[in-house]
>>> print(open('query.txt').read())   # compact mmCIF, C-alpha atoms
# COMPACT_ATOMS: atom_id res chain seq x y z
CA MET A 31 99.23 125.39 97.17
CA LEU A 32 95.82 126.00 98.80
CA GLN A 33 96.21 122.90 100.97
CA VAL A 34 99.68 123.98 102.05
CA ILE A 35 98.39 127.43 103.00
CA GLU A 36 95.49 125.98 104.98
CA LYS A 37 97.69 123.44 106.73
CA ALA A 38 99.88 126.31 107.98
CA GLY A 39 96.81 127.69 109.76
CA PHE A 40 95.35 130.26 107.37
CA ARG A 41 91.59 130.34 106.77
CA ASN A 42 89.65 130.30 103.51
CA PRO A 43 92.55 130.20 101.05
CA ALA A 44 91.33 130.88 97.54
CA VAL A 45 92.49 131.68 94.03
CA ARG A 46 91.00 134.95 92.79
CA ASP A 47 92.44 135.51 89.30
CA PHE A 48 94.51 133.75 86.65
CA PHE A 49 97.12 135.29 84.34
CA ASP A 50 98.69 134.05 81.11
CA SER A 51 102.07 135.13 82.45
CA PHE A 52 104.25 133.08 80.08
CA SER A 53 102.50 134.03 76.83
CA GLY A 54 105.09 135.17 74.31
CA THR A 55 108.10 133.85 76.25
CA SER A 56 110.51 131.15 75.09
CA LYS A 57 108.83 128.80 77.62
CA GLU A 58 105.30 129.43 76.33
CA ASN A 59 104.96 125.91 74.89
CA VAL A 60 106.20 124.28 78.11
CA ALA A 61 103.81 126.45 80.12
CA ARG A 62 100.89 125.41 77.91
CA LYS A 63 101.89 121.73 78.05
CA PHE A 64 101.85 121.66 81.86
CA GLY A 65 99.15 124.29 82.39
CA VAL A 66 101.45 126.78 84.10
CA LYS A 67 99.75 130.12 84.82
CA GLY A 68 100.06 133.04 87.16
CA ALA A 69 97.40 133.25 89.86
CA ASN A 70 96.30 135.56 92.67
CA PHE A 71 95.90 133.91 96.08
CA ILE A 72 94.22 135.22 99.22
CA ALA A 73 94.00 133.72 102.72
CA TYR A 74 93.20 135.01 106.20
CA LYS A 75 94.49 134.49 109.73
CA MET B 253 103.48 122.48 92.03
CA ALA B 254 105.72 120.47 94.36
CA ALA B 255 105.25 121.55 97.98
CA VAL B 256 108.69 120.30 98.93
CA CYS B 257 111.61 119.79 96.58
CA PRO B 258 112.57 116.20 95.73
CA VAL B 259 114.57 114.01 98.09
CA GLY B 260 118.25 114.46 97.34
CA PHE B 261 117.65 117.82 95.66
CA ASP B 262 120.39 120.23 96.65
CA ARG B 263 118.53 123.10 98.35
CA ASN B 264 121.64 125.22 98.73
CA ARG B 265 122.33 124.88 95.01
CA LEU B 266 118.73 125.85 94.26
CA LYS B 267 118.99 128.98 96.40
CA ALA B 268 122.32 129.88 94.78
CA GLU B 269 120.82 129.41 91.29
CA VAL B 270 117.83 131.59 92.19
CA ARG B 271 120.12 134.32 93.56
CA ALA B 272 122.31 134.16 90.44
CA THR B 273 119.34 134.30 88.05
CA TYR B 274 117.76 137.32 89.73
CA ALA B 275 121.11 139.07 90.14
CA ARG B 276 121.41 138.86 86.35
CA VAL B 277 117.89 140.28 86.01
CA ALA B 278 118.84 143.17 88.34
CA GLN B 279 122.00 143.90 86.39
CA ASP B 280 120.50 143.47 82.92
CA PRO B 281 116.69 143.56 83.02
CA HIS B 282 116.51 143.67 79.22
CA GLY B 283 118.67 140.54 78.85
CA ASP B 284 117.62 137.14 77.53
CA PHE B 285 115.43 135.31 80.05
CA HIS B 286 112.60 132.84 79.65
CA PHE B 287 110.19 135.00 81.65
CA HIS B 288 108.85 138.49 81.01
CA ARG B 289 110.11 141.60 82.77
CA GLY B 290 109.16 145.24 82.91
CA PRO B 291 106.21 147.61 83.18
CA GLU B 292 104.81 147.02 79.68
CA TYR B 293 104.45 143.32 80.49
CA ALA B 294 102.95 144.12 83.91
CA ALA B 295 100.32 146.34 82.32
CA ARG B 296 99.55 144.20 79.27
CA LEU B 297 99.30 140.74 80.82
CA LEU B 298 98.81 141.38 84.55
CA GLY B 299 96.51 144.38 84.62
CA TYR B 300 98.73 146.93 86.37
CA ASP B 301 97.95 150.59 85.69
CA PHE B 302 100.60 151.61 83.15
CA SER B 303 100.34 155.30 83.97
CA GLU B 304 101.03 154.53 87.64
CA LEU B 305 103.99 152.32 86.71
CA ARG B 306 105.40 155.09 84.54
CA SER B 307 105.35 157.38 87.57
CA LEU B 308 107.71 155.00 89.44
CA PRO B 309 111.50 154.96 89.08
CA ALA B 310 112.60 152.76 86.15
CA ALA B 311 115.10 151.12 88.51
CA ALA B 312 112.13 149.48 90.22
CA THR B 313 109.96 148.67 87.22
CA ALA B 314 112.42 147.45 84.55
CA PRO B 315 113.45 144.24 86.42
CA PHE B 316 109.89 143.45 87.57
CA ALA B 317 109.32 139.73 86.93
CA GLY B 318 106.12 138.95 88.83
CA VAL B 319 103.49 136.54 87.55
CA GLY B 320 100.28 138.17 88.81
CA ASN B 321 98.91 141.30 90.42
CA PRO B 322 98.36 141.36 94.20
CA PHE B 323 96.76 144.81 93.89
CA LYS B 324 93.86 143.38 91.87
CA MET B 325 92.48 141.86 95.06
CA ASP B 326 91.36 143.68 98.19
CA PRO B 327 92.57 147.29 98.72
CA LEU B 328 95.56 147.77 101.02
CA PRO B 329 94.32 149.66 104.10
CA ALA B 330 95.89 153.01 104.96
CA GLY B 331 98.24 152.65 107.92
CA ALA B 332 98.81 148.92 107.39
CA THR B 333 102.05 147.09 108.06
CA VAL B 334 102.90 145.21 104.86
CA ILE B 335 105.72 142.84 103.94
CA ASP B 336 106.65 141.79 100.42
CA ILE B 337 108.31 138.39 100.22
CA GLY B 338 110.92 138.42 97.46
CA SER B 339 110.54 142.10 96.72
CA GLY B 340 113.07 142.19 93.88
CA ALA B 341 113.68 145.72 92.61
CA GLY B 342 110.81 147.01 94.74
CA MET B 343 108.02 147.83 92.27
CA ASP B 344 105.25 146.24 94.32
CA CYS B 345 106.67 147.71 97.55
CA LEU B 346 106.55 151.23 96.13
CA LEU B 347 102.96 150.69 94.98
CA ALA B 348 102.08 149.31 98.42
CA ALA B 349 103.80 152.24 100.16
CA ARG B 350 101.69 154.71 98.20
CA ARG B 351 98.54 152.84 99.26
CA VAL B 352 99.29 152.48 102.99
CA GLY B 353 100.52 156.08 103.21
CA ARG B 354 102.93 157.62 105.70
CA ARG B 355 101.20 156.05 108.71
CA GLY B 356 101.85 152.62 107.22
CA GLN B 357 105.07 150.62 106.84
CA VAL B 358 106.18 148.42 103.94
CA THR B 359 109.19 146.12 104.18
CA GLY B 360 110.54 144.25 101.20
CA ILE B 361 112.49 141.06 101.85
CA ASP B 362 114.89 139.67 99.29
CA MET B 363 118.04 137.56 99.28
CA THR B 364 119.67 139.09 96.18
CA ASP B 365 122.04 141.96 96.93
CA ALA B 366 121.78 143.48 93.46
CA MET B 367 117.97 143.63 93.73
CA LEU B 368 118.12 145.15 97.23
CA GLU B 369 120.49 147.84 95.99
CA ARG B 370 118.14 148.71 93.12
CA ALA B 371 115.10 148.73 95.39
CA ARG B 372 116.71 151.01 98.00
CA GLY B 373 117.79 153.43 95.29
CA ALA B 374 114.29 153.45 93.79
CA ALA B 375 112.70 154.14 97.19
CA ARG B 376 115.07 157.07 97.76
CA GLU B 377 114.28 158.39 94.28
CA ASP B 378 110.54 158.08 94.94
CA GLY B 379 110.89 159.88 98.30
CA LEU B 380 108.92 157.31 100.26
CA ASP B 381 109.97 157.11 103.92
CA GLN B 382 107.54 154.32 104.80
CA VAL B 383 109.31 151.63 102.74
CA ARG B 384 112.52 149.78 103.53
CA PHE B 385 114.29 146.67 102.25
CA GLU B 386 116.05 143.92 104.17
CA LYS B 387 118.09 140.90 103.19
CA ALA B 388 116.50 137.77 104.59
CA ASP B 389 115.37 134.27 103.78
CA MET B 390 111.61 133.85 103.49
CA THR B 391 111.71 131.01 106.02
CA LYS B 392 113.47 133.16 108.67
CA LEU B 393 111.75 136.53 108.60
CA PRO B 394 113.17 139.37 110.75
CA PHE B 395 109.80 140.24 112.30
CA GLU B 396 108.15 139.70 115.66
CA ALA B 397 105.28 137.23 115.90
CA GLN B 398 101.90 138.73 114.98
CA SER B 399 103.37 142.03 113.79
CA VAL B 400 102.22 142.17 110.15
CA ASP B 401 98.80 143.09 108.74
CA LEU B 402 99.30 141.99 105.17
CA VAL B 403 101.74 139.85 103.18
CA ILE B 404 102.19 140.42 99.47
CA SER B 405 104.49 138.54 97.11
CA ASN B 406 104.71 138.03 93.38
CA GLY B 407 106.11 134.89 91.79
CA VAL B 408 108.50 134.01 94.58
CA VAL B 409 107.05 131.32 96.86
CA ASN B 410 107.26 128.81 93.99
CA LEU B 411 111.05 129.24 94.13
CA ALA B 412 111.21 127.99 97.73
CA PRO B 413 112.37 124.40 98.17
CA ASP B 414 110.05 123.91 101.19
CA LYS B 415 106.74 125.76 100.80
CA PRO B 416 105.11 124.47 104.01
CA GLU B 417 108.03 126.01 105.93
CA VAL B 418 107.43 129.36 104.19
CA PHE B 419 103.72 129.43 105.07
CA ARG B 420 104.37 128.39 108.70
CA GLU B 421 106.74 131.36 108.99
CA LEU B 422 104.18 133.69 107.39
CA TYR B 423 101.53 132.44 109.81
CA ARG B 424 103.87 133.27 112.70
CA VAL B 425 104.35 136.91 111.66
CA VAL B 426 100.80 137.76 110.51
CA LYS B 427 98.48 139.36 113.08
CA PRO B 428 95.15 137.69 113.85
CA GLY B 429 92.76 139.21 111.31
CA GLY B 430 95.62 139.82 108.87
CA ARG B 431 95.92 138.23 105.48
CA LEU B 432 98.04 136.89 102.65
CA GLN B 433 97.39 138.53 99.31
CA PHE B 434 99.94 137.27 96.82
CA SER B 435 100.56 136.06 93.29
CA ASP B 436 102.34 132.91 92.22
CA ILE B 437 102.25 130.20 89.61
CA VAL B 438 99.86 127.28 89.47
CA ILE B 439 100.47 124.07 87.53
CA GLU B 440 97.36 122.30 86.34
CA SER B 441 98.94 119.01 85.29
CA GLY B 442 101.06 116.57 87.29
CA LEU B 443 104.80 116.84 86.80
CA SER B 444 107.09 113.93 86.02
CA GLU B 445 110.04 113.17 88.29
CA ASP B 446 112.41 114.40 85.54
CA VAL B 447 110.67 117.76 85.40
CA ARG B 448 110.58 118.09 89.20
CA ASN B 449 114.34 117.46 89.31
CA ASN B 450 115.16 120.03 86.60
CA ILE B 451 116.73 122.94 88.48
CA ASP B 452 116.30 125.29 85.49
CA LEU B 453 112.54 124.94 85.84
CA TRP B 454 112.73 125.71 89.59
CA THR B 455 114.79 128.86 89.20
CA GLY B 456 112.69 130.59 86.53
>>> encode(input="query.txt", output="structure tokens")
Amino acid sequence: MLQVIEKAGFRNPAVRDFFDSFSGTSKENVARKFGVKGANFIAYK
Amino acid sequence: MAAVCPVGFDRNRLKAEVRATYARVAQDPHGDFHFHRGPEYAARLLGYDFSELRSLPAAATAPFAGVGNPFKMDPLPAGATVIDIGSGAGMDCLLAARRVGRRGQVTGIDMTDAMLERARGAAREDGLDQVRFEKADMTKLPFEAQSVDLVISNGVVNLAPDKPEVFRELYRVVKPGGRLQFSDIVIESGLSEDVRNNIDLWTG
């Protein structure tokens, strides 16, 4: 994702925070298997 | 995460599936879905202020299905022009509207009619004049070039079949000095071709 954001022209894309967004859902095991998490992104023009 | 959906993947079907899934969320936010919804989830796992969420109309908060918290990052400046890509029932837009104040402007973009209807009703109920909602595709935004200070979004860009196209469009509308400040999913491991072609995993 960061590369895609930068390629579009934005500067200094970064991930600021992670979230265990799928904890307790029916897809929790799938999320853990593939390392799926929520994340906060920031980038500047 | 795949930047572009697989060759041969039916993009129109994907968009239709996304619309159908989130229309069901709008109509029945407490239904059976494989992702969390609602203000309790937003406060417990994403760090939203529960007392602030309780002060918003339930029409906006009950269907909330974001995956992060754009408000945990830099403060939204008073007077800013903000767009929310995939605004759903409008919870983040209402929070943004309170932060930018009456000199600011917040526009939520969504492609699901049922969500737009909920969001507009919630904005009326909350009495915020500086927020509006429009139906649009995130790759064809109804904004002039360099007209937006800040883009927020929450768990939506991952649903787009062509992410580079989305970010090119966002770059077009953001002012020089403006920024993206959004939440989405990350996938730490590589995905097999079977998984990448599973439309159920794209729409949730």
>>> atom_distance(input="query.txt", atom1="atom CA of B:Asp336", atom2="atom CA of B:Gly360")
4.7 Å
>>> closest_residue(input="query.txt", among="B:Gly379, B:Gly373, B:Gly331, B:Gly299", to="chain A", atoms="only C-alpha atoms")
B:Gly299
>>> closest_residue(input="query.txt", among="B:Pro329, B:Gly340, B:Pro416, B:Gly290", to="chain A", atoms="all atoms listed in the file")
B:Pro416
>>> interface_residues(input="query.txt", of="chain A", to="chain B", cutoff="8 Å", atoms="all atoms listed in the file", output="list in words")
Met31, Val34, Ile35, Lys37, Ala38, Gly39, Phe40, Arg46, Phe48, Phe49, Asp50, Ser51, Phe52, Thr55, Ser56, Lys57, Phe64, Gly65, Val66, Lys67, Gly68, Ala69, Asn70, Phe71, Ile72, Ala73, Tyr74 and Lys75 of chain A
>>> residues_around(input="query.txt", residues="B:Leu305", least_positions_apart="6", cutoff="10 Å", atoms="all atoms listed in the file", output="PyMOL selection string")
chain B and resi 290-292+294-295+312-314+343-344+346-347
>>> atom_distance(input="query.txt", atom1="atom CA of B:Ala268", atom2="atom CA of B:Ala366")
13.7 Å
>>> decode(input="query.txt", residues="stretch 295-388 of chain B", atoms="C-alpha atoms", output="PDB file, in the first residue's frame")
ATOM      1  CA  ALA B 295     -14.302   2.269  21.237  1.00  0.00           C
ATOM      2  CA  ARG B 296     -13.016  -1.098  22.450  1.00  0.00           C
ATOM      3  CA  LEU B 297     -10.745  -2.113  19.577  1.00  0.00           C
ATOM      4  CA  LEU B 298     -10.079   1.122  17.673  1.00  0.00           C
ATOM      5  CA  GLY B 299      -9.728   3.699  20.428  1.00  0.00           C
ATOM      6  CA  TYR B 300     -12.647   5.999  19.624  1.00  0.00           C
ATOM      7  CA  ASP B 301     -14.030   8.036  22.517  1.00  0.00           C
ATOM      8  CA  PHE B 302     -17.187   6.149  23.511  1.00  0.00           C
ATOM      9  CA  SER B 303     -18.781   9.160  25.170  1.00  0.00           C
ATOM     10  CA  GLU B 304     -18.370  11.154  21.944  1.00  0.00           C
ATOM     11  CA  LEU B 305     -19.831   8.290  19.890  1.00  0.00           C
ATOM     12  CA  ARG B 306     -22.810   8.103  22.229  1.00  0.00           C
ATOM     13  CA  SER B 307     -23.495  11.767  21.509  1.00  0.00           C
ATOM     14  CA  LEU B 308     -23.913  10.987  17.781  1.00  0.00           C
ATOM     15  CA  PRO B 309     -27.116   9.701  16.166  1.00  0.00           C
ATOM     16  CA  ALA B 310     -27.333   5.889  16.361  1.00  0.00           C
ATOM     17  CA  ALA B 311     -28.185   5.894  12.642  1.00  0.00           C
ATOM     18  CA  ALA B 312     -24.567   6.875  12.007  1.00  0.00           C
ATOM     19  CA  THR B 313     -22.805   4.765  14.612  1.00  0.00           C
ATOM     20  CA  ALA B 314     -24.638   1.397  14.527  1.00  0.00           C
ATOM     21  CA  PRO B 315     -23.516   0.438  10.968  1.00  0.00           C
ATOM     22  CA  PHE B 316     -19.944   1.710  11.464  1.00  0.00           C
ATOM     23  CA  ALA B 317     -17.605  -0.969  10.080  1.00  0.00           C
ATOM     24  CA  GLY B 318     -14.223   0.757   9.904  1.00  0.00           C
ATOM     25  CA  VAL B 319     -10.957  -1.011  10.673  1.00  0.00           C
ATOM     26  CA  GLY B 320      -8.940   1.787  12.294  1.00  0.00           C
ATOM     27  CA  ASN B 321      -9.189   5.313  13.648  1.00  0.00           C
ATOM     28  CA  PRO B 322      -8.160   8.231  11.410  1.00  0.00           C
ATOM     29  CA  PHE B 323      -8.690  10.618  14.340  1.00  0.00           C
ATOM     30  CA  LYS B 324      -5.837   9.013  16.292  1.00  0.00           C
ATOM     31  CA  MET B 325      -3.384  10.720  13.957  1.00  0.00           C
ATOM     32  CA  ASP B 326      -2.907  14.453  13.430  1.00  0.00           C
ATOM     33  CA  PRO B 327      -5.740  16.805  14.519  1.00  0.00           C
ATOM     34  CA  LEU B 328      -8.123  17.989  11.802  1.00  0.00           C
ATOM     35  CA  PRO B 329      -7.597  21.754  11.403  1.00  0.00           C
ATOM     36  CA  ALA B 330     -10.533  24.098  11.960  1.00  0.00           C
ATOM     37  CA  GLY B 331     -11.839  25.393   8.642  1.00  0.00           C
ATOM     38  CA  ALA B 332     -10.429  22.484   6.614  1.00  0.00           C
ATOM     39  CA  THR B 333     -12.068  20.954   3.568  1.00  0.00           C
ATOM     40  CA  VAL B 334     -12.294  17.209   4.244  1.00  0.00           C
ATOM     41  CA  ILE B 335     -13.546  14.293   2.170  1.00  0.00           C
ATOM     42  CA  ASP B 336     -14.324  10.829   3.488  1.00  0.00           C
ATOM     43  CA  ILE B 337     -13.954   8.077   0.899  1.00  0.00           C
ATOM     44  CA  GLY B 338     -16.580   5.410   1.507  1.00  0.00           C
ATOM     45  CA  SER B 339     -18.326   7.312   4.256  1.00  0.00           C
ATOM     46  CA  GLY B 340     -20.938   4.647   4.989  1.00  0.00           C
ATOM     47  CA  ALA B 341     -23.505   5.804   7.535  1.00  0.00           C
ATOM     48  CA  GLY B 342     -21.448   8.926   8.227  1.00  0.00           C
ATOM     49  CA  MET B 343     -19.950   8.402  11.687  1.00  0.00           C
ATOM     50  CA  ASP B 344     -16.468   9.606  10.757  1.00  0.00           C
ATOM     51  CA  CYS B 345     -17.922  12.503   8.735  1.00  0.00           C
ATOM     52  CA  LEU B 346     -19.897  13.744  11.729  1.00  0.00           C
ATOM     53  CA  LEU B 347     -16.798  13.514  13.930  1.00  0.00           C
ATOM     54  CA  ALA B 348     -14.791  15.368  11.273  1.00  0.00           C
ATOM     55  CA  ALA B 349     -17.491  18.040  10.921  1.00  0.00           C
ATOM     56  CA  ARG B 350     -17.341  18.749  14.648  1.00  0.00           C
ATOM     57  CA  ARG B 351     -13.563  19.157  14.403  1.00  0.00           C
ATOM     58  CA  VAL B 352     -13.406  21.437  11.345  1.00  0.00           C
ATOM     59  CA  GLY B 353     -16.293  23.557  12.625  1.00  0.00           C
ATOM     60  CA  ARG B 354     -18.724  25.708  10.666  1.00  0.00           C
ATOM     61  CA  ARG B 355     -15.980  27.345   8.597  1.00  0.00           C
ATOM     62  CA  GLY B 356     -14.953  23.912   7.349  1.00  0.00           C
ATOM     63  CA  GLN B 357     -16.646  21.515   4.927  1.00  0.00           C
ATOM     64  CA  VAL B 358     -16.875  17.724   5.089  1.00  0.00           C
ATOM     65  CA  THR B 359     -18.135  15.641   2.179  1.00  0.00           C
ATOM     66  CA  GLY B 360     -18.753  11.932   2.470  1.00  0.00           C
ATOM     67  CA  ILE B 361     -18.589   9.855  -0.700  1.00  0.00           C
ATOM     68  CA  ASP B 362     -20.275   6.489  -0.934  1.00  0.00           C
ATOM     69  CA  MET B 363     -21.791   4.296  -3.638  1.00  0.00           C
ATOM     70  CA  THR B 364     -24.445   2.596  -1.481  1.00  0.00           C
ATOM     71  CA  ASP B 365     -27.817   4.347  -1.513  1.00  0.00           C
ATOM     72  CA  ALA B 366     -28.953   2.866   1.800  1.00  0.00           C
ATOM     73  CA  MET B 367     -25.808   4.158   3.537  1.00  0.00           C
ATOM     74  CA  LEU B 368     -26.175   7.625   1.979  1.00  0.00           C
ATOM     75  CA  GLU B 369     -29.769   7.809   3.181  1.00  0.00           C
ATOM     76  CA  ARG B 370     -28.724   6.904   6.736  1.00  0.00           C
ATOM     77  CA  ALA B 371     -25.831   9.364   6.684  1.00  0.00           C
ATOM     78  CA  ARG B 372     -27.963  12.283   5.445  1.00  0.00           C
ATOM     79  CA  GLY B 373     -30.574  11.567   8.102  1.00  0.00           C
ATOM     80  CA  ALA B 374     -27.907  11.421  10.811  1.00  0.00           C
ATOM     81  CA  ALA B 375     -26.399  14.746   9.692  1.00  0.00           C
ATOM     82  CA  ARG B 376     -29.828  16.396   9.817  1.00  0.00           C
ATOM     83  CA  GLU B 377     -30.417  14.922  13.275  1.00  0.00           C
ATOM     84  CA  ASP B 378     -27.023  16.191  14.459  1.00  0.00           C
ATOM     85  CA  GLY B 379     -27.737  19.675  13.054  1.00  0.00           C
ATOM     86  CA  LEU B 380     -24.427  19.986  11.242  1.00  0.00           C
ATOM     87  CA  ASP B 381     -24.617  22.230   8.173  1.00  0.00           C
ATOM     88  CA  GLN B 382     -20.981  21.731   7.178  1.00  0.00           C
ATOM     89  CA  VAL B 383     -21.366  18.072   6.190  1.00  0.00           C
ATOM     90  CA  ARG B 384     -22.941  16.611   3.069  1.00  0.00           C
ATOM     91  CA  PHE B 385     -22.985  13.241   1.320  1.00  0.00           C
ATOM     92  CA  GLU B 386     -22.704  12.420  -2.372  1.00  0.00           C
ATOM     93  CA  LYS B 387     -22.975   9.250  -4.395  1.00  0.00           C
ATOM     94  CA  ALA B 388     -19.773   8.696  -6.330  1.00  0.00           C
TER      95      ALA B 388
END
